[in-house]
Every structure is written in C-alpha cells, then in structure tokens.
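Read through the structure below, which is laid out as structure tokens, and then see the notes.
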Amino acid sequence: MTNSLGALFDAGTTHFDALTDRLWGPVSASAVAVAQPVEGEHVFDACYGTGASALPTARAVGPTGRVDAIDLADKLLAVGRSRAEGLPWLTFHHGDVTTWSGGPYDLVQCVLGVFFLPDMDAGSRALISRLRPGGRFAATVWRKEAILPVPEILQNAVSPERAETPAAPVRRGASERVNTPELLTAWLTALGLRDARVVTAPHTLPLDPDVAWALVLGSALRGFLTGLDPAAVERTRVRFTQELLDRGVTAIDATTLVGVGTAV
Ligand SMILES: C[S@@+](CC[C@H](N)C(=O)[O-])C[C@H]1O[C@@H](n2cnc3c(N)ncnc32)[C@H](O)[C@@H]1O
C-alpha cells in the first residue's frame with residue numbers, strides 16, 4: 001500500500017506541482033504558522049510532497065536548526081530538493097515516515113498526510129515517538145466540507161468505465177475521524193498529547209476545468225483512474241468536466257484544521 005501510494009503521487013508530479021501556489025502552499029503556510037518552528041529547532045517534516053511545509057520551516061529554524069523531510073514519492077522529492085538551494089540544513093529523504101528513526105525532534109509536523117497511513121493511530125504514534133518530551137506534534141487535515149463535491153463528481157464520471165468503483169487510496173473512515181475541530185482535538189488527546197488545540201485555516205480553491213483535472217491527477221483522487229487506458233481516462237475527464245460545469249462548481253472549499261499537541 002505505501003509503495004503504491006508513493007508511485008501514485010509520483011505519477012502525478014507535474015499536476016501536483018501545478019497546485020503548489022494555489023493549494024499546497026497556502027495550506028502549508030497556515031500549518032507552519034500554527035506549528036511555529038523557531039530558530040535552532042530540529043524538525044521532522046513527515047510527508048513533504050514538494051516541500052510546501054519543509055521549505056518555510058527550514059527558513060524559520062535557520063542554519064542552527066535542522067529539518068528532516070521524509071516522503072515515499074521520489075519524483076516529488078526531486079522537485080522539493082530543487083527548491084532547497086541555500087538551505088543545507090534541510091534534508092529530503094525517501095522513505096516511509098512510520099519507520100523513520102531520526103530524532104529526538106522539537107517538532108514533528110505532517111501536513112495532509114496522517115490519513116494516508118495504513119493505520120492512522122499506530123502511524124501517528126510512531127511519528128510522535130520521534131519527539132523529545134515537551135516537543136510538539138502538528139497534524140494538518142482537511143475539514144469535513146473540504147474538496148466536496150469533487151470526489152463524488154469523479155466517481156460519477158468513472159463509473160461507466162468500470163463494473164465496480166475502486167476504493168479511494170485514503171483508508172475509508174480515517175479522514176472522517178479527524179475532520180472537525182472537536183474530533184481532531186479528541187484524537188490528539190487520545191494519542192497521549194497534552195494541551196491539544198486546533199486552528200481552522202480557511203482556504204478556497206477557485207476551480208476551472210484545468211485546475212479541477214490537475215486536482216484529480218495530482219492528488220490521491222488519481223487512484224480512481226488506476227488501471228484505465230488513456231481513452232477511458234479521456235472519456236472520464238470529459239464527463240467530469242461536464243458535470244462540474246452543469247453543477248456550476250467554480251470554487252471548492254479547501255479549509256484545513258491544524259491540530260497541535262505536546263508530547264509528555
Ligand atoms: C496530499 S500530499 C501532501 C504533501 C505535502 N505535505 C503538502 O501538503 O503539500 C500527501 C503526501 O503524503 C505522502 N505519504 C503518504 N503516506 C506516506 C508514508 N507512509 N510515508 C511517507 N510519505 C507518505 C505521499 O507520498 C504524498 O506526497
């Protein structure tokens with residue numbers, strides 16, 4: 001599962017990166033503003049993507065700090081690395097965040113990643129175990145309303161091509177367990193963190209057909225297209241675009257919740 005997830009994101013690298021300025025960048029800016037890395041801190045950036053959170057974090061910790069950024073997608077890693085010039089204290093590593101053994105860290109942050117872990121609780125505990133006592137764990141997740149109705153429209157568009165709609169790569173139910181401030185606060189507390197708090201970071205993604213399709217190809221939504229031949233993907237894109245236009249979807253909510261707690 002984890003290797004195929006890295007391959008899924010790698011395959012969508014160009015489309016993923018087309019969304020950096022409009023989506024991943026603003027979401028990570030909010031996440032970093034809440035996690036507040038400061039000069040000299042050692043940080044583990046789990047699931048770095050193209051470095052949307054790792055890069056500003058490296059600037060914040062400065063040369064006396066250190067940022068270890070880990071992800072399964074090595075094509076995304078190459079993009080992140082190309083943007084890290086002048087930040088030799090930021091290191092990108094290819095690997096599974098749940099088996100990373102570095103640390104202890106002052107801050108472990110994971111932006112839009114925990115719900116991909118095969119076992120969200122055990123995986124997040126593994127991340128938290130890399131913190132020093134008193135260190136912060138910061139997890140950013142989608143709010144309940146975010147990205148809707150894109151997954152539903154995509155499923156409608158794919159269904160004529162398949163006998164059965166494939167399961168989404170995000171483990172069913174994982175996202176739903178943490179998609180309100182109350183749920184996320186309770187989850188962080190149940191993981192053994194103290195002083196858990198959640199900040200809502202509003203964001204809207206304006207959506208024309210090209211941006212919408214980049215979101216499909218550059219995110220885990222791409223998993224719905226797995227195994228389709230190019231002609232089937234093109235028919236899916238046409239139906240997807242038509243339903244978006246018919247429903248008048250010109251923007252989607254991309255609000256995130258940034259949860260932070262302290263390791264005991
Ligand atoms: C939606 S992207 C978010 C990337 C980045 N944090 C951002 O917000 O721009 C999710 C990322 O999680 C990575 N990922 C998921 N599970 C992982 C795991 N077990 N180990 C390392 N990376 C993982 C994927 O490869 C992908 O790059």
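Quick note on naming: the chains in the structure tokens go A, B, ... in the order shown, residues restart at 1 in each chain, and ligands are numbered from 1 in order of appearance.
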
Inset, instruction - Residues within 8 Å of ligand 1, counting only C-alpha atoms and all ligand atoms: report them as a ChimeraX atom specification. - result: /A:2,5-10,20,23-25,27-28,46-53,70-73,76,94-98,110-114,116-118,123,219-220

Contacts of region 31-39 of chain A at 8 Å or less, counting only C-alpha atoms, minus same-chain residues fewer than 6 places along, as an mmCIF file with C-alpha atoms, in the first residue's frame?
data_model
loop_
_atom_site.group_PDB
_atom_site.id
_atom_site.type_symbol
_atom_site.label_atom_id
_atom_site.label_comp_id
_atom_site.auth_asym_id
_atom_site.auth_seq_id
_atom_site.Cartn_x
_atom_site.Cartn_y
_atom_site.Cartn_z
ATOM 1 C CA SER A 53 5.870 22.993 4.654
ATOM 2 C CA PRO A 56 9.312 27.626 5.099
ATOM 3 C CA THR A 57 10.134 25.550 8.180
ATOM 4 C CA ALA A 60 12.325 29.545 10.191
ATOM 5 C CA VAL A 61 14.780 27.255 12.003
ATOM 6 C CA GLY A 62 17.788 28.721 10.189
ATOM 7 C CA THR A 64 21.419 26.369 13.668
ATOM 8 C CA GLY A 65 18.368 24.164 13.191
ATOM 9 C CA LEU A 107 8.586 19.462 16.271
ATOM 10 C CA GLN A 109 4.686 18.024 11.536
ATOM 11 C CA VAL A 111 0.510 18.255 6.501
ATOM 12 C CA ARG A 136 5.114 19.470 19.504
ATOM 13 C CA ALA A 138 1.293 19.197 14.443
ATOM 14 C CA THR A 140 -2.995 19.185 9.334
ATOM 15 C CA VAL A 199 -6.881 26.087 14.483
ATOM 16 C CA VAL A 258 -4.229 22.317 12.109
ATOM 17 C CA VAL A 260 -1.118 20.705 17.736
#

Inset, instruction - Counting only C-alpha atoms, figure out which residue out of A:Gly134, A:Gly218, A:Gly248, A:Gly259 gets nearest to His15 (chain A). - result: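 Under the stated criterion, the closest residue is A:Gly218.
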
Inset, instruction - Rank nothing, just name the residue among A:Ala122, A:Ala190, A:Ile153, A:Leu215 nearest to Thr241 (chain A), using only C-alpha atoms. - result: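 Of all the options, A:Ile153 lies closest to Thr241 (chain A).
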
Inset, instruction - Find the spatial neighbours of Thr262 (chain A), counting only C-alpha atoms, within a cut-off of 9 Å - ignore same-chain residues fewer than 5 positions away - and output them as a ChimeraX atom specification. - result: /A:133-138,192-196

Legend entry - Filtered DSSP result for region 112-162 of chain A, state strand (DSSP E or B), as a list in words: Leu131, Arg132, Pro133, Gly134, Gly135, Arg136, Phe137, Ala138, Ala139, Thr140, Val141 and Trp142 of chain A

Legend entry - Å distance separating CA of Met120 (chain A) from CA of Val198 (chain A), one decimal place: 18.0 Å

Inset, instruction - Mind listing the alpha helix (DSSP H) residues of region 20-142 of chain A, per DSSP on the backbone, as number ranges by chain? - result: A: 25-35, 54-61, 74-82, 120-128

Inset, instruction - Can you work out the spacing between CA of Phe16 (chain A) and CA of Glu164 (chain A) in Å, to one decimal? - result: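 For CA of Phe16 (chain A) relative to CA of Glu164 (chain A), the distance reads 26.4 Å.
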
Legend entry - Distance criterion (only C-alpha atoms): nearest to Pro202 (chain A) out of A:Ala84, A:Ala29, A:Leu55, A:Val249: A:Ala29

Legend entry - d(CA of Pro104 (chain A), CA of Ser129 (chain A)) in Å: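 Between CA of Pro104 (chain A) and CA of Ser129 (chain A) the gap works out to 8.3 Å.
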
Legend entry - Shell of 8 Å around Arg237 (chain A), only C-alpha atoms, local chain residues under 3 positions omitted, as a list of chain:residue names: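 Using only C-alpha atoms, the neighbours found are A:Ala157, A:Trp213, A:Val233, A:Glu234, A:Phe240, A:Thr241.
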